[in-house]
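Read the structure below first, then the notes.
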Amino acid sequence: MSIEEGQNFPSFSLPDESGESRSLGDLAGDKGLVLYVYPKDDTPGCTVEATDFRDLAGDLRAAGFHVAGLSKDSAKSHCSFRDKYDLTFPLLTDAEGDFLTAIGAYGEKKLYGKVRMGIIRSTFVVAEDGTVLKAYYNVRAKGHGERVLKEVREL
């Protein structure tokens, strides 16, 4: 099941890297939240994506959107990842994958011709009222942050 633009984004309460429970209301800027979903802390593609969003966070804030990352990694792993790359936004954890599944960011994917279950790299631009403004699935890490910034500026 995937989330479509115009739908309501499921409510959530997920722990961040410090163990603090966070929701859309806690994380959204004036206009909303860019929530990007990534497979694993400190891996090449995920690092590219995280550092791009880090570098663009000020521009996204100026457009009215805050940023948060989401994966199944532990708070300890998130802290190491955050500290190693000076990430300036919350990293949320969905260890069981229930929320990831609900938003269509966990499921079957192909890797080197083999089908397996895993996190589907995705990004959601969610308005403060919970409406999905943009939903991206199976994104490529490199350059994705710039695309998101360009599109939120046009909203």
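Identifiers in the structure tokens: chain A, B, ... in order shown; residue index from 1 per chain; ligand index from 1 in order shown.
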
- Message: If we count only C-alpha atoms and set the cut-off at 9 Å, which residues sit around segment 127-137 of chain A, ignoring sequence neighbours fewer than 3 positions away in its own chain? Please answer as a count of residues only.
- Response: 31

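Counting from atom CA of Pro90 of chain A, the distance to atom CA of Gly107 of chain A is 23.8 Å.
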
Spatial neighbours of segment 91-94 of chain A, max dist 12 Å, only C-alpha atoms, sep filter under 6 positions, as a compact mmCIF listing (two decimals) with C-alpha atoms, in the first residue's frame:
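So the final result, stored in selection-v2.txt, reads:
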```
# COMPACT_ATOMS: atom_id res chain seq x y z
CA PHE A 12 2.68 8.70 14.15
CA SER A 13 4.58 8.84 17.38
CA LEU A 14 8.09 7.49 16.87
CA PRO A 15 11.24 7.80 18.96
CA ASP A 16 14.08 9.96 17.71
CA GLU A 17 17.79 9.38 18.28
CA SER A 18 17.50 10.61 21.86
CA GLY A 19 14.53 8.35 22.62
CA GLU A 20 12.06 11.27 22.64
CA SER A 21 8.71 10.44 21.03
CA ARG A 22 8.00 12.68 18.02
CA SER A 23 4.88 13.35 15.94
CA LEU A 24 4.08 15.44 12.87
CA LEU A 27 8.39 18.16 13.68
CA LEU A 35 10.14 13.00 5.99
CA TYR A 36 12.68 10.92 4.12
CA VAL A 37 12.90 7.16 4.61
CA TYR A 38 16.23 5.45 4.14
CA PRO A 39 17.47 1.85 4.50
CA LYS A 40 20.47 2.03 6.85
CA ASP A 41 22.60 4.49 8.79
CA ALA A 50 21.42 12.52 4.67
CA PHE A 53 19.25 17.04 3.30
CA ARG A 54 21.60 18.43 5.99
CA VAL A 67 13.34 17.70 7.75
CA ALA A 68 13.40 14.36 9.54
CA GLY A 69 14.85 10.99 8.56
CA LEU A 70 13.32 7.59 9.30
CA SER A 71 14.75 4.07 9.29
CA LYS A 72 14.62 0.88 11.35
CA ASP A 73 18.02 1.61 12.93
CA SER A 74 18.40 1.95 16.69
CA ALA A 75 18.75 5.23 18.58
CA LYS A 76 22.39 4.36 19.25
CA SER A 77 23.06 3.88 15.54
CA HIS A 78 21.23 7.13 14.76
CA CYS A 79 23.36 9.02 17.31
CA SER A 80 26.57 7.74 15.74
CA PHE A 81 25.33 8.59 12.24
CA ARG A 82 24.17 12.06 13.33
CA ASP A 83 27.44 12.83 15.09
CA LEU A 100 7.08 2.00 7.43
CA THR A 101 4.72 -0.68 6.13
CA ALA A 102 1.67 1.57 6.63
CA ILE A 103 3.19 4.29 4.45
CA ALA A 105 8.05 2.33 2.56
CA TYR A 106 8.66 -1.29 3.58
CA ILE A 119 13.00 -0.47 3.24
```
